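Content type CSV, C-alpha atoms and all ligand atoms, from the file protein_18.csv:
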```
chain,number,residue,atom,x,y,z
A,1,MET,CA,0.0,19.5,-21.8
A,2,ALA,CA,-2.2,17.3,-19.6
A,3,ASP,CA,-4.5,19.2,-17.2
A,4,THR,CA,-4.2,18.8,-13.5
A,5,ILE,CA,-7.8,17.9,-12.8
A,6,ILE,CA,-7.4,17.4,-9.0
A,7,LYS,CA,-5.1,19.8,-7.2
A,8,ILE,CA,-4.2,19.6,-3.5
A,9,ASP,CA,-2.6,21.9,-1.0
A,10,LEU,CA,-0.2,20.0,1.4
A,11,ASP,CA,-0.4,22.9,3.9
A,12,LYS,CA,-4.1,22.3,4.3
A,13,SER,CA,-6.0,19.4,6.0
A,14,PRO,CA,-7.5,16.8,3.7
A,15,TYR,CA,-10.8,17.7,5.3
A,16,GLU,CA,-10.5,21.2,3.8
A,17,HIS,CA,-10.4,19.5,0.3
A,18,ASP,CA,-13.7,18.5,-1.3
A,19,ASN,CA,-11.9,16.6,-4.0
A,20,ILE,CA,-10.7,14.0,-1.5
A,21,HIS,CA,-12.5,11.2,0.3
A,22,ASN,CA,-11.6,8.3,2.6
A,23,ARG,CA,-14.5,5.9,2.3
A,24,TRP,CA,-16.1,4.0,-0.6
A,25,HIS,CA,-19.7,4.8,-1.3
A,26,PRO,CA,-21.7,4.9,-4.6
A,27,ASP,CA,-23.1,8.4,-3.8
A,28,ILE,CA,-19.8,10.3,-3.4
A,29,PRO,CA,-20.1,13.0,-6.1
A,30,ILE,CA,-17.7,12.9,-9.0
A,31,VAL,CA,-15.3,15.9,-8.7
A,32,ALA,CA,-13.8,16.0,-12.2
A,33,THR,CA,-14.7,14.5,-15.6
A,34,VAL,CA,-12.5,13.4,-18.5
A,35,ASN,CA,-13.2,12.1,-22.0
A,36,PRO,CA,-11.9,8.7,-23.1
A,37,GLY,CA,-8.4,8.9,-24.5
A,38,GLU,CA,-7.6,12.2,-22.7
A,39,ASP,CA,-4.6,12.2,-20.4
A,40,PHE,CA,-4.8,14.1,-17.1
A,41,ILE,CA,-2.9,14.6,-13.8
A,42,VAL,CA,-4.2,14.0,-10.3
A,43,GLU,CA,-2.4,15.2,-7.1
A,44,CYS,CA,-2.6,13.0,-4.0
A,45,MET,CA,-1.8,13.4,-0.3
A,46,ASP,CA,0.1,10.7,1.4
A,47,TRP,CA,-2.3,8.0,2.7
A,48,THR,CA,-2.4,9.5,6.2
A,49,GLY,CA,-3.1,13.0,5.0
A,50,GLY,CA,0.1,14.5,6.4
A,51,GLN,CA,0.0,12.9,9.8
A,52,ILE,CA,3.6,11.6,9.5
A,53,LYS,CA,6.4,14.2,9.5
A,54,ASN,CA,10.0,14.2,8.2
A,55,ASP,CA,11.7,14.1,11.5
A,56,ASP,CA,13.5,11.6,13.8
A,57,SER,CA,10.7,10.6,16.1
A,58,ALA,CA,8.2,7.7,15.7
A,59,ALA,CA,5.7,9.3,18.0
A,60,ASP,CA,3.5,10.3,15.0
A,61,VAL,CA,3.4,6.7,13.8
A,62,ARG,CA,2.5,5.6,17.3
A,63,ASP,CA,-0.3,8.2,17.6
A,64,VAL,CA,-1.6,8.0,14.0
A,65,ILE,CA,-5.4,8.2,13.7
A,66,LEU,CA,-6.2,5.2,11.6
A,67,GLU,CA,-9.9,6.0,11.2
A,68,GLN,CA,-8.7,8.8,8.9
A,69,VAL,CA,-7.1,6.6,6.2
A,70,HIS,CA,-6.8,6.4,3.2
A,71,PHE,CA,-7.2,9.8,1.7
A,72,LEU,CA,-8.0,9.3,-2.0
A,73,SER,CA,-8.2,11.9,-4.8
A,74,GLY,CA,-11.4,11.7,-6.8
A,75,PRO,CA,-13.8,10.3,-7.8
A,76,ILE,CA,-13.1,11.0,-11.5
A,77,GLY,CA,-15.8,10.4,-14.0
A,78,VAL,CA,-15.0,9.1,-17.5
A,79,ASN,CA,-17.6,10.1,-20.1
A,80,GLY,CA,-19.5,7.1,-21.4
A,81,ALA,CA,-18.5,4.6,-18.7
A,82,LYS,CA,-21.4,2.5,-17.5
A,83,PRO,CA,-21.8,-0.4,-15.1
A,84,GLY,CA,-20.5,-3.6,-16.7
A,85,ASP,CA,-17.8,-1.7,-18.7
A,86,LEU,CA,-14.1,-2.0,-18.1
A,87,LEU,CA,-12.1,1.2,-17.4
A,88,GLU,CA,-8.7,0.8,-19.1
A,89,VAL,CA,-6.3,3.1,-17.2
A,90,ASP,CA,-2.8,3.8,-18.4
A,91,ILE,CA,-0.6,4.9,-15.5
A,92,LEU,CA,1.7,7.2,-17.6
A,93,ASP,CA,3.9,8.5,-14.8
A,94,ILE,CA,4.0,9.2,-11.1
A,95,GLY,CA,6.2,11.5,-9.1
A,96,ALA,CA,6.8,13.2,-5.8
A,97,PHE,CA,6.4,17.0,-5.5
A,98,GLN,CA,9.6,18.9,-6.0
A,99,ASN,CA,9.3,20.7,-2.7
A,100,ASN,CA,8.5,17.4,-0.9
A,101,LEU,CA,11.1,14.8,-2.0
A,102,TRP,CA,10.8,12.3,0.9
A,103,GLY,CA,8.6,9.4,2.0
A,104,PHE,CA,8.2,7.4,5.2
A,105,ASN,CA,8.1,3.8,6.3
A,106,GLY,CA,6.9,2.6,9.6
A,107,PHE,CA,5.5,-0.2,11.7
A,108,PHE,CA,2.4,0.4,13.8
A,109,SER,CA,2.3,-0.2,17.5
A,110,ARG,CA,0.6,-3.5,18.4
A,111,ASN,CA,-1.9,-1.3,20.3
A,112,ASN,CA,-2.8,0.6,17.2
A,113,GLY,CA,-3.4,-1.8,14.4
A,114,GLY,CA,-0.2,-3.8,14.6
A,115,GLY,CA,1.1,-5.5,11.4
A,116,PHE,CA,2.6,-8.6,9.8
A,117,LEU,CA,5.4,-9.1,12.4
A,118,THR,CA,3.7,-7.3,15.3
A,119,GLU,CA,4.6,-10.0,17.8
A,120,HIS,CA,8.3,-9.4,17.0
A,121,PHE,CA,8.1,-5.6,16.7
A,122,PRO,CA,5.3,-4.4,19.1
A,123,ASP,CA,6.4,-0.8,19.2
A,124,ALA,CA,5.9,2.0,16.6
A,125,HIS,CA,8.9,2.6,14.3
A,126,LYS,CA,9.6,5.0,11.6
A,127,SER,CA,12.3,5.6,8.9
A,128,ILE,CA,12.4,8.5,6.5
A,129,TRP,CA,13.5,7.9,2.9
A,130,ASP,CA,14.9,10.7,0.8
A,131,ILE,CA,13.9,10.7,-2.9
A,132,GLU,CA,16.9,11.5,-5.1
A,133,GLY,CA,15.5,11.4,-8.7
A,134,MET,CA,14.7,7.8,-9.3
A,135,PHE,CA,16.7,6.6,-6.3
A,136,THR,CA,16.1,6.6,-2.5
A,137,ARG,CA,18.1,6.2,0.6
A,138,SER,CA,17.4,6.6,4.3
A,139,ARG,CA,19.4,8.3,7.1
A,140,HIS,CA,17.8,5.7,9.4
A,141,VAL,CA,18.8,2.6,7.4
A,142,PRO,CA,22.4,3.0,6.1
A,143,GLY,CA,24.1,0.8,3.6
A,144,VAL,CA,21.3,0.4,1.2
A,145,ASN,CA,19.9,2.5,-1.8
A,146,PHE,CA,17.7,1.5,-4.7
A,147,ALA,CA,15.7,2.7,-7.6
A,148,GLY,CA,12.0,3.2,-6.9
A,149,LEU,CA,9.3,1.0,-8.5
A,150,ILE,CA,6.8,3.8,-8.0
A,151,HIS,CA,3.1,3.0,-7.9
A,152,PRO,CA,-0.3,3.8,-6.4
A,153,GLY,CA,-1.0,1.5,-3.5
A,154,LEU,CA,-4.7,2.2,-3.9
A,155,ILE,CA,-6.7,2.7,-7.0
A,156,GLY,CA,-10.2,1.6,-8.1
A,157,CYS,CA,-13.7,2.6,-9.0
A,158,LEU,CA,-16.7,3.4,-6.8
A,159,PRO,CA,-18.8,0.4,-5.8
A,160,SER,CA,-22.5,0.2,-6.7
A,161,ARG,CA,-25.1,0.0,-3.9
A,162,ASP,CA,-25.2,-3.8,-4.3
A,163,GLU,CA,-21.5,-4.1,-4.3
A,164,LEU,CA,-21.2,-2.0,-1.2
A,165,ASN,CA,-23.8,-4.1,0.6
A,166,LYS,CA,-22.1,-7.3,-0.3
A,167,TRP,CA,-18.7,-6.1,1.1
A,168,ASN,CA,-20.2,-4.8,4.3
A,169,THR,CA,-22.2,-8.0,4.9
A,170,ARG,CA,-19.4,-10.4,4.4
A,171,GLU,CA,-16.8,-8.4,6.4
A,172,GLU,CA,-19.2,-7.9,9.3
A,173,LYS,CA,-19.8,-11.6,9.4
A,174,LEU,CA,-16.1,-12.3,9.7
A,175,PHE,CA,-15.5,-9.6,12.2
A,176,ASN,CA,-18.3,-11.0,14.5
A,177,THR,CA,-16.5,-14.3,14.8
A,178,ASP,CA,-14.0,-12.6,17.1
A,179,PRO,CA,-14.9,-9.0,17.7
A,180,GLU,CA,-12.2,-8.4,20.4
A,181,ARG,CA,-9.3,-9.4,18.3
A,182,THR,CA,-6.2,-7.2,17.8
A,183,PRO,CA,-5.5,-6.5,15.0
A,184,PRO,CA,-9.3,-6.7,14.2
A,185,LEU,CA,-10.5,-9.3,11.6
A,186,ALA,CA,-11.9,-6.5,9.4
A,187,ALA,CA,-12.2,-2.7,9.3
A,188,LEU,CA,-15.9,-2.1,9.4
A,189,PRO,CA,-17.7,1.1,8.4
A,190,ASN,CA,-17.0,3.9,10.9
A,191,GLU,CA,-18.4,7.4,10.6
A,192,TYR,CA,-15.6,8.7,12.9
A,193,CYS,CA,-13.2,10.7,10.7
A,194,ALA,CA,-15.1,9.8,7.5
A,195,HIS,CA,-14.5,12.2,4.7
A,196,MET,CA,-17.3,11.9,2.1
A,197,GLY,CA,-16.0,14.4,-0.5
A,198,ARG,CA,-18.7,16.8,-1.5
A,199,MET,CA,-21.6,15.1,0.3
A,200,LYS,CA,-23.5,17.3,2.7
A,201,GLY,CA,-26.1,17.0,5.5
A,202,ASP,CA,-28.2,13.9,6.3
A,203,GLU,CA,-27.2,12.3,3.0
A,204,ARG,CA,-23.6,12.7,4.0
A,205,ASP,CA,-24.1,11.3,7.5
A,206,ALA,CA,-26.0,8.3,6.3
A,207,ALA,CA,-23.3,7.5,3.7
A,208,ALA,CA,-20.5,8.0,6.3
A,209,ALA,CA,-22.1,5.4,8.6
A,210,GLU,CA,-22.2,2.7,5.9
A,211,GLY,CA,-19.3,3.7,3.5
A,212,ALA,CA,-16.8,0.9,3.2
A,213,ARG,CA,-13.3,1.5,4.7
A,214,THR,CA,-10.5,1.7,2.2
A,215,VAL,CA,-8.3,-0.8,4.1
A,216,PRO,CA,-8.7,-4.0,2.1
A,217,PRO,CA,-8.4,-4.8,-1.6
A,218,ARG,CA,-11.8,-5.8,-3.0
A,219,GLU,CA,-13.3,-6.7,-6.4
A,220,HIS,CA,-12.8,-3.2,-7.6
A,221,GLY,CA,-9.1,-3.2,-6.9
A,222,GLY,CA,-8.7,-0.7,-4.1
A,223,ASN,CA,-5.9,-1.1,-1.6
A,224,CYS,CA,-4.1,-3.8,-3.5
A,225,ASP,CA,-0.5,-2.5,-2.8
A,226,ILE,CA,0.9,-4.2,-5.8
A,227,LYS,CA,4.4,-2.9,-6.4
A,228,ASP,CA,4.4,-3.9,-10.1
A,229,LEU,CA,1.3,-1.7,-10.8
A,230,SER,CA,4.0,0.9,-11.5
A,231,ARG,CA,4.3,3.8,-13.9
A,232,GLY,CA,3.9,2.4,-17.4
A,233,SER,CA,1.3,-0.2,-16.5
A,234,LYS,CA,-2.2,-0.5,-18.0
A,235,VAL,CA,-5.0,-1.6,-15.7
A,236,TYR,CA,-8.5,-2.8,-16.4
A,237,PHE,CA,-11.0,-1.9,-13.7
A,238,PRO,CA,-14.6,-3.1,-13.3
A,239,VAL,CA,-17.1,-0.3,-13.5
A,240,TYR,CA,-20.1,-0.3,-11.2
A,241,VAL,CA,-21.5,3.3,-11.4
A,242,ASP,CA,-22.1,5.7,-14.2
A,243,GLY,CA,-18.9,7.5,-15.1
A,244,GLY,CA,-16.8,4.9,-13.2
A,245,GLY,CA,-15.8,7.1,-10.3
A,246,LEU,CA,-12.1,6.4,-10.3
A,247,SER,CA,-10.2,7.3,-7.2
A,248,VAL,CA,-6.5,7.0,-6.4
A,249,GLY,CA,-4.1,7.6,-3.6
A,250,ASP,CA,-1.6,5.9,-1.2
A,251,LEU,CA,1.3,6.6,-3.6
A,252,HIS,CA,4.4,4.5,-2.9
A,253,PHE,CA,7.9,5.4,-4.1
A,254,SER,CA,8.9,1.8,-3.5
A,255,GLN,CA,7.6,-1.3,-1.7
A,256,GLY,CA,8.5,-4.9,-1.1
A,257,ASP,CA,5.9,-7.6,-2.0
A,258,GLY,CA,3.3,-7.9,0.8
A,259,GLU,CA,3.9,-4.3,2.1
A,260,ILE,CA,4.7,-6.2,5.3
A,261,THR,CA,5.7,-3.1,7.4
A,262,PHE,CA,2.0,-1.9,6.9
A,263,CYS,CA,2.9,1.8,7.6
A,264,GLY,CA,3.6,1.1,4.9
A,265,ALA,CA,5.9,1.1,1.8
A,266,ILE,CA,7.8,4.3,1.1
A,267,GLU,CA,4.7,6.5,1.5
A,268,MET,CA,4.6,9.8,-0.2
A,269,ALA,CA,2.5,12.6,-1.4
A,270,GLY,CA,2.7,13.3,-5.2
A,271,TRP,CA,1.0,13.3,-8.6
A,272,ILE,CA,-0.1,10.6,-11.0
A,273,HIS,CA,-0.5,11.1,-14.7
A,274,MET,CA,-3.1,8.9,-16.3
A,275,ARG,CA,-5.3,8.2,-19.3
A,276,ALA,CA,-8.6,6.3,-19.3
A,277,ASN,CA,-10.5,4.5,-22.0
A,278,VAL,CA,-13.7,2.5,-21.9
A,279,ILE,CA,-14.3,-1.1,-23.0
A,280,LYS,CA,-18.0,-1.5,-23.4
A,281,ASP,CA,-19.4,-4.5,-21.5
A,282,GLY,CA,-15.9,-5.5,-20.9
A,283,MET,CA,-16.6,-7.3,-17.6
A,284,ALA,CA,-18.9,-9.9,-19.3
A,285,LYS,CA,-16.8,-10.0,-22.5
A,286,TYR,CA,-13.6,-11.0,-20.6
A,287,GLY,CA,-15.1,-12.7,-17.5
A,288,ILE,CA,-13.7,-10.0,-15.2
A,289,LYS,CA,-14.5,-10.0,-11.5
A,290,ASN,CA,-11.3,-8.4,-10.2
A,291,PRO,CA,-9.0,-6.0,-12.1
A,292,ILE,CA,-6.3,-7.3,-14.4
A,293,PHE,CA,-3.2,-5.3,-15.5
A,294,LYS,CA,-0.2,-5.3,-17.8
A,295,PRO,CA,3.0,-4.3,-16.1
A,296,SER,CA,5.4,-1.5,-17.0
A,297,PRO,CA,8.0,-2.0,-19.7
A,298,ILE,CA,10.5,-0.5,-17.2
A,299,THR,CA,11.5,-2.1,-13.9
A,300,PRO,CA,14.7,-1.8,-11.8
A,301,ALA,CA,17.2,-4.3,-13.2
A,302,TYR,CA,17.9,-6.1,-9.9
A,303,ASN,CA,18.3,-9.5,-11.3
A,304,ASP,CA,20.4,-11.1,-8.6
A,305,HIS,CA,18.6,-12.2,-5.4
A,306,LEU,CA,19.2,-14.1,-2.2
A,307,ILE,CA,16.0,-16.1,-1.8
A,308,PHE,CA,14.7,-17.1,1.6
A,309,GLU,CA,12.4,-20.0,2.0
A,310,GLY,CA,9.6,-20.2,4.6
A,311,ILE,CA,7.2,-23.0,5.4
A,312,SER,CA,3.9,-23.1,7.3
A,313,VAL,CA,5.5,-24.0,10.6
A,314,ASP,CA,5.2,-21.1,13.0
A,315,GLU,CA,7.8,-19.5,15.4
A,316,ALA,CA,6.6,-21.9,18.2
A,317,GLY,CA,7.2,-24.9,16.0
A,318,GLU,CA,3.5,-25.6,15.5
A,319,GLN,CA,2.4,-27.2,12.2
A,320,HIS,CA,-0.2,-25.3,10.1
A,321,TYR,CA,-2.0,-26.7,7.1
A,322,LEU,CA,-0.8,-25.1,3.8
A,323,ASP,CA,-0.9,-21.6,5.4
A,324,VAL,CA,0.7,-19.2,3.0
A,325,HIS,CA,0.6,-16.3,5.4
A,326,ILE,CA,2.6,-18.2,8.0
A,327,ALA,CA,5.0,-19.5,5.3
A,328,TYR,CA,5.7,-15.9,4.0
A,329,ARG,CA,6.2,-14.7,7.6
A,330,GLN,CA,8.8,-17.3,8.2
A,331,ALA,CA,10.6,-16.4,4.9
A,332,CYS,CA,10.6,-12.8,6.0
A,333,LEU,CA,11.8,-13.6,9.6
A,334,ASN,CA,14.6,-15.8,8.1
A,335,ALA,CA,15.7,-12.8,5.9
A,336,ILE,CA,15.7,-10.5,9.0
A,337,GLU,CA,17.8,-12.9,11.0
A,338,TYR,CA,20.3,-13.2,8.1
A,339,LEU,CA,20.6,-9.4,7.7
A,340,LYS,CA,21.2,-8.9,11.4
A,341,LYS,CA,24.5,-10.9,11.0
A,342,PHE,CA,25.7,-8.0,8.9
A,343,GLY,CA,25.1,-5.4,11.6
A,344,TYR,CA,21.5,-4.3,10.9
A,345,SER,CA,19.0,-4.1,13.8
A,346,GLY,CA,15.9,-6.2,13.4
A,347,ALA,CA,13.9,-3.0,12.7
A,348,GLN,CA,16.3,-1.9,10.0
A,349,ALA,CA,16.1,-5.3,8.3
A,350,TYR,CA,12.3,-5.3,8.6
A,351,ALA,CA,12.3,-1.8,7.1
A,352,ILE,CA,14.4,-3.0,4.1
A,353,LEU,CA,12.0,-5.8,3.4
A,354,GLY,CA,9.0,-3.4,3.5
A,355,THR,CA,10.6,-0.7,1.2
A,356,ALA,CA,13.0,-2.3,-1.2
A,357,PRO,CA,11.8,-4.1,-4.4
A,358,CYS,CA,11.8,-7.5,-2.7
A,359,GLN,CA,9.7,-10.1,-4.4
A,360,GLY,CA,7.4,-12.5,-2.6
A,361,HIS,CA,6.4,-15.8,-4.3
A,362,ILE,CA,4.0,-18.5,-3.4
A,363,SER,CA,6.2,-21.4,-4.3
A,364,GLY,CA,4.2,-24.4,-3.3
A,365,VAL,CA,0.6,-24.8,-2.0
A,366,VAL,CA,-0.1,-28.5,-2.5
A,367,ASP,CA,2.6,-30.4,-0.6
A,368,ILE,CA,0.7,-31.3,2.6
A,369,PRO,CA,1.1,-30.1,5.2
A,370,ASN,CA,3.5,-27.3,4.3
A,371,ALA,CA,3.0,-24.3,2.1
A,372,CYS,CA,6.3,-22.9,0.8
A,373,ALA,CA,6.7,-19.1,0.3
A,374,THR,CA,9.9,-17.3,-0.8
A,375,LEU,CA,11.2,-13.8,-0.1
A,376,TRP,CA,13.5,-12.6,-2.9
A,377,LEU,CA,16.0,-10.1,-1.5
A,378,PRO,CA,17.8,-8.1,-4.3
A,379,THR,CA,21.5,-8.2,-3.5
A,380,GLN,CA,22.5,-5.2,-5.7
A,381,ILE,CA,20.7,-2.7,-3.4
A,382,PHE,CA,23.3,-3.1,-0.7
A,383,ASP,CA,26.6,-1.2,-0.5
A,384,PHE,CA,28.3,-4.4,0.5
A,385,ASP,CA,28.2,-8.1,-0.5
A,386,ILE,CA,25.5,-10.0,1.3
A,387,SER,CA,26.2,-13.4,-0.2
A,388,PRO,CA,27.2,-16.3,2.1
A,389,ASN,CA,30.8,-17.4,1.8
A,390,ALA,CA,33.4,-19.5,3.7
A,391,ASN,CA,34.6,-16.5,5.8
A,392,GLY,CA,31.2,-15.7,7.3
A,393,PRO,CA,29.3,-12.5,7.3
A,394,LYS,CA,31.3,-9.2,7.6
A,395,LYS,CA,29.8,-6.9,10.1
A,396,GLN,CA,29.2,-3.4,8.6
A,397,ASP,CA,29.6,-0.1,10.4
A,398,LEU,CA,25.9,1.0,10.3
A,399,SER,CA,26.3,3.3,13.3
A,400,ALA,CA,25.2,6.3,11.2
A,401,GLY,CA,21.6,5.7,11.8
A,402,ALA,CA,18.8,3.7,13.5
A,403,VAL,CA,15.1,3.3,12.8
A,404,CYS,CA,13.2,5.7,15.2
A,405,VAL,CA,11.2,3.9,17.8
A,406,ALA,CA,8.4,5.2,20.1
A,407,PRO,CA,7.4,2.8,22.9
A,408,ASP,CA,3.7,3.0,24.0
A,409,LEU,CA,3.0,5.6,26.6
B,1,ZN,ZN,0.6,2.7,1.3
```
Could you render the structure as structure tokens?
Amino acid sequence: MADTIIKIDLDKSPYEHDNIHNRWHPDIPIVATVNPGEDFIVECMDWTGGQIKNDDSAADVRDVILEQVHFLSGPIGVNGAKPGDLLEVDILDIGAFQNNLWGFNGFFSRNNGGGFLTEHFPDAHKSIWDIEGMFTRSRHVPGVNFAGLIHPGLIGCLPSRDELNKWNTREEKLFNTDPERTPPLAALPNEYCAHMGRMKGDERDAAAAEGARTVPPREHGGNCDIKDLSRGSKVYFPVYVDGGGLSVGDLHFSQGDGEITFCGAIEMAGWIHMRANVIKDGMAKYGIKNPIFKPSPITPAYNDHLIFEGISVDEAGEQHYLDVHIAYRQACLNAIEYLKKFGYSGAQAYAILGTAPCQGHISGVVDIPNACATLWLPTQIFDFDISPNANGPKKQDLSAGAVCVAPDL
């Protein structure tokens, strides 16, 4: 039986755990060590450390303290791993805790981080998703249920000092081009709410002031939010410090490509069962800068889709040059407008795109001036037929639930 090398207590604050941290820094001490080839289990809080509750109010999403995120379990040392190696990590399984079979999805208020469609959904919203074995459904979003493509949103190794300095320098440079922007251009180091694991005293304070936020994906992987990095996949991470220092968190029961709702996918606390091996000098041998991975042999068999196209012309009709971000936003907005014809509110439709196993594709990036992105909506997740036909859309009775909303105070 695999050992649980990191245990957490959901009744306690993440700050009462010394095997959790929420910043990236090379000096965060390793809290557990494994041998190559050994499998082990790591328990994780949800990414907010329990700030979001299983209830029918979005006030917690509105008032979330974003300087606290993400709470990661680790770092885990792997004997023999050295800078320049690749850490080969098998994600053997992931699950929610039996006494905590639910997850949340939300959109942040524009005044607290905002998100992908913040101009269209400026208020905080929340939906709760019940986990029923491998399936999920929400009392706030009737008419839809699906199998989870369960994955860690955030996983990677500690940066070296050089790597950390590189991240901080380039992100600060971007931030300074428009420091007043909402949402900000980058999440810079911030000692407020920093949790540096087992570090103490002056050393801890100095590291908290310069530790990289966990918000973006970077060369080490980190917050990639790749739905296909699911149980059964094998990932190869660059190693920058002795032992690797692997940390993981932000477990998702399910997510659509892009994690467009931002708060986030179906976010949950739970456990992840892994095994690590070391490929000596693997970074140079394979020319690796960012992680690579092999997907799981098991994925939900939703093979029929309704595919929405979007181009890089924004909502005001303005032309943008090959902008994939805008093209994907248009594809998502087109899908939301379509789902509204079946009786969903815009917020429910947005929640579906953020949680269900929707695929996002960059379809064209060379045909000036328009990029083309597509949003693949699985049709089999709905309790009713969503295909277009000559009779027009049939409005469903979805009065059983609505996504919770909390306007700004
Ligand atoms: Zn997440």
Using all atoms listed in the file, which protein or nucleic acid residues come within 10 Å of A:Gly360? Drop anything in the same chain fewer than 6 positions from it, and give the result as a PDB file with C-alpha atoms, in the coordinates of the input.
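Final output, saved to selection_39.pdb:
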```
ATOM      1  CA  GLY A 256       8.500  -4.900  -1.100  1.00  0.00           C
ATOM      2  CA  ASP A 257       5.900  -7.600  -2.000  1.00  0.00           C
ATOM      3  CA  GLY A 258       3.300  -7.900   0.800  1.00  0.00           C
ATOM      4  CA  ILE A 307      16.000 -16.100  -1.800  1.00  0.00           C
ATOM      5  CA  PHE A 308      14.700 -17.100   1.600  1.00  0.00           C
ATOM      6  CA  TYR A 328       5.700 -15.900   4.000  1.00  0.00           C
ATOM      7  CA  ALA A 331      10.600 -16.400   4.900  1.00  0.00           C
ATOM      8  CA  CYS A 332      10.600 -12.800   6.000  1.00  0.00           C
ATOM      9  CA  ALA A 373       6.700 -19.100   0.300  1.00  0.00           C
ATOM     10  CA  THR A 374       9.900 -17.300  -0.800  1.00  0.00           C
ATOM     11  CA  LEU A 375      11.200 -13.800  -0.100  1.00  0.00           C
ATOM     12  CA  TRP A 376      13.500 -12.600  -2.900  1.00  0.00           C
ATOM     13  CA  LEU A 377      16.000 -10.100  -1.500  1.00  0.00           C
TER      14      LEU A 377
END
```
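Within 8 Å of stretch 223-225 of chain A, once only C-alpha atoms are used and residues closer than 5 positions along the same chain are dropped, the contacting residues are Pro152, Gly153, Leu154, Ile155, Thr214, Val215, Pro216, Pro217, Arg218, Gly258 and Glu259 of chain A.
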Exercise for the section: Determine the nearest neighbour of ligand ZN 1 (chain B) from the options A:Gly133, A:Gly222, A:Pro407, A:Gly95, counting all atoms listed in the file. Expected result: A:Gly222
Problem - Expected selection as a VMD selection string for ligand ZN 1 (chain B) within 9 Å, all atoms listed in the file - result: chain A and resid 46 to 48 70 152 to 154 223 225 249 to 252 255 259 262 to 268
Exercise for the section: Could you tell me which of A:Gln330, A:Asn105, A:Asn277, A:Gln68 comes closest to A:His120 if we count only C-alpha atoms? Expected result: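 Using only C-alpha atoms, A:His120 sits closest to A:Gln330.
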Fill in the blank from the handout: If you count all atoms listed in the file, the residue of A:Glu88, A:Asp202, A:Glu119, A:Asp367 closest to A:Ile311 turns out to be A:Asp367
Practice task
Counting all atoms listed in the file, note down every residue that has an atom within 12 Å of the point (-7.7, 2.6, 12.0) (file coordinates), as a ChimeraX atom specification.
Solution key: /A:22,48,61-70,108-109,111-115,182-184,186-194,213-216,262-263
Handout entry: Atomic distance atom CA of A:Ser247 - atom CA of A:Lys166, expressed in Å with one decimal
Key =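 Between these atoms lies a distance of 20.1 Å.
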Practice task
Take atom CA of A:Phe135 and atom CA of A:Phe382 and report the distance between them in Å, one decimal.
Solution key: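 Atom CA of A:Phe382 lies 13.0 Å from atom CA of A:Phe135.
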Completion exercise
Across A:Pro83, A:Pro369, A:Gly343, A:Gly243, the smallest distance to A:Glu163, with only C-alpha atoms counted, is shown by A:Pro83
Handout entry: For atom CA of A:Phe253 and atom CA of A:Asp18, the interatomic separation in Å (one decimal)
Key = 25.4 Å
Exercise for the section: Might you pull out every residue within 12 Å of A:Ala81, with all atoms listed in the file counted and same-chain residues fewer than 4 positions away left off, and present them as a list in words? Expected result: Thr33, Val34, Asn35, Pro36, Ile76, Gly77, Asp85, Leu86, Leu87, Glu88, Cys157, Phe237, Pro238, Val239, Tyr240, Val241, Asp242, Gly243, Gly244, Gly245, Leu246, Ala276, Asn277, Val278, Ile279, Lys280, Asp281 and Gly282 of chain A
Provide stretch 244-250 of chain A of the preceding structure as a file containing N, CA, C and O atoms, as a JSON list (two decimals), in the first residue's frame.
```
[["chain", "number", "residue", "atom", "x", "y", "z"],
["A", 244, "GLY", "N", 14.56, 17.92, -6.52],
["A", 244, "GLY", "CA", 13.42, 18.30, -7.38],
["A", 244, "GLY", "C", 12.48, 19.25, -6.69],
["A", 244, "GLY", "O", 12.20, 20.33, -7.17],
["A", 245, "GLY", "N", 11.96, 18.85, -5.52],
["A", 245, "GLY", "CA", 11.02, 19.73, -4.81],
["A", 245, "GLY", "C", 9.69, 19.82, -5.54],
["A", 245, "GLY", "O", 9.23, 20.90, -5.90],
["A", 246, "LEU", "N", 9.05, 18.67, -5.72],
["A", 246, "LEU", "CA", 7.77, 18.63, -6.44],
["A", 246, "LEU", "C", 6.63, 19.06, -5.52],
["A", 246, "LEU", "O", 6.51, 18.56, -4.39],
["A", 247, "SER", "N", 5.81, 19.99, -5.98],
["A", 247, "SER", "CA", 4.62, 20.40, -5.23],
["A", 247, "SER", "C", 3.40, 20.32, -6.13],
["A", 247, "SER", "O", 3.51, 20.47, -7.35],
["A", 248, "VAL", "N", 2.25, 20.11, -5.49],
["A", 248, "VAL", "CA", 1.03, 19.87, -6.26],
["A", 248, "VAL", "C", -0.18, 20.41, -5.50],
["A", 248, "VAL", "O", -0.19, 20.45, -4.27],
["A", 249, "GLY", "N", -1.18, 20.83, -6.24],
["A", 249, "GLY", "CA", -2.42, 21.29, -5.62],
["A", 249, "GLY", "C", -3.40, 21.71, -6.69],
["A", 249, "GLY", "O", -3.26, 21.35, -7.86],
["A", 250, "ASP", "N", -4.44, 22.49, -6.28],
["A", 250, "ASP", "CA", -5.43, 22.97, -7.23],
["A", 250, "ASP", "C", -6.08, 21.81, -7.98],
["A", 250, "ASP", "O", -6.19, 21.83, -9.21]]
```
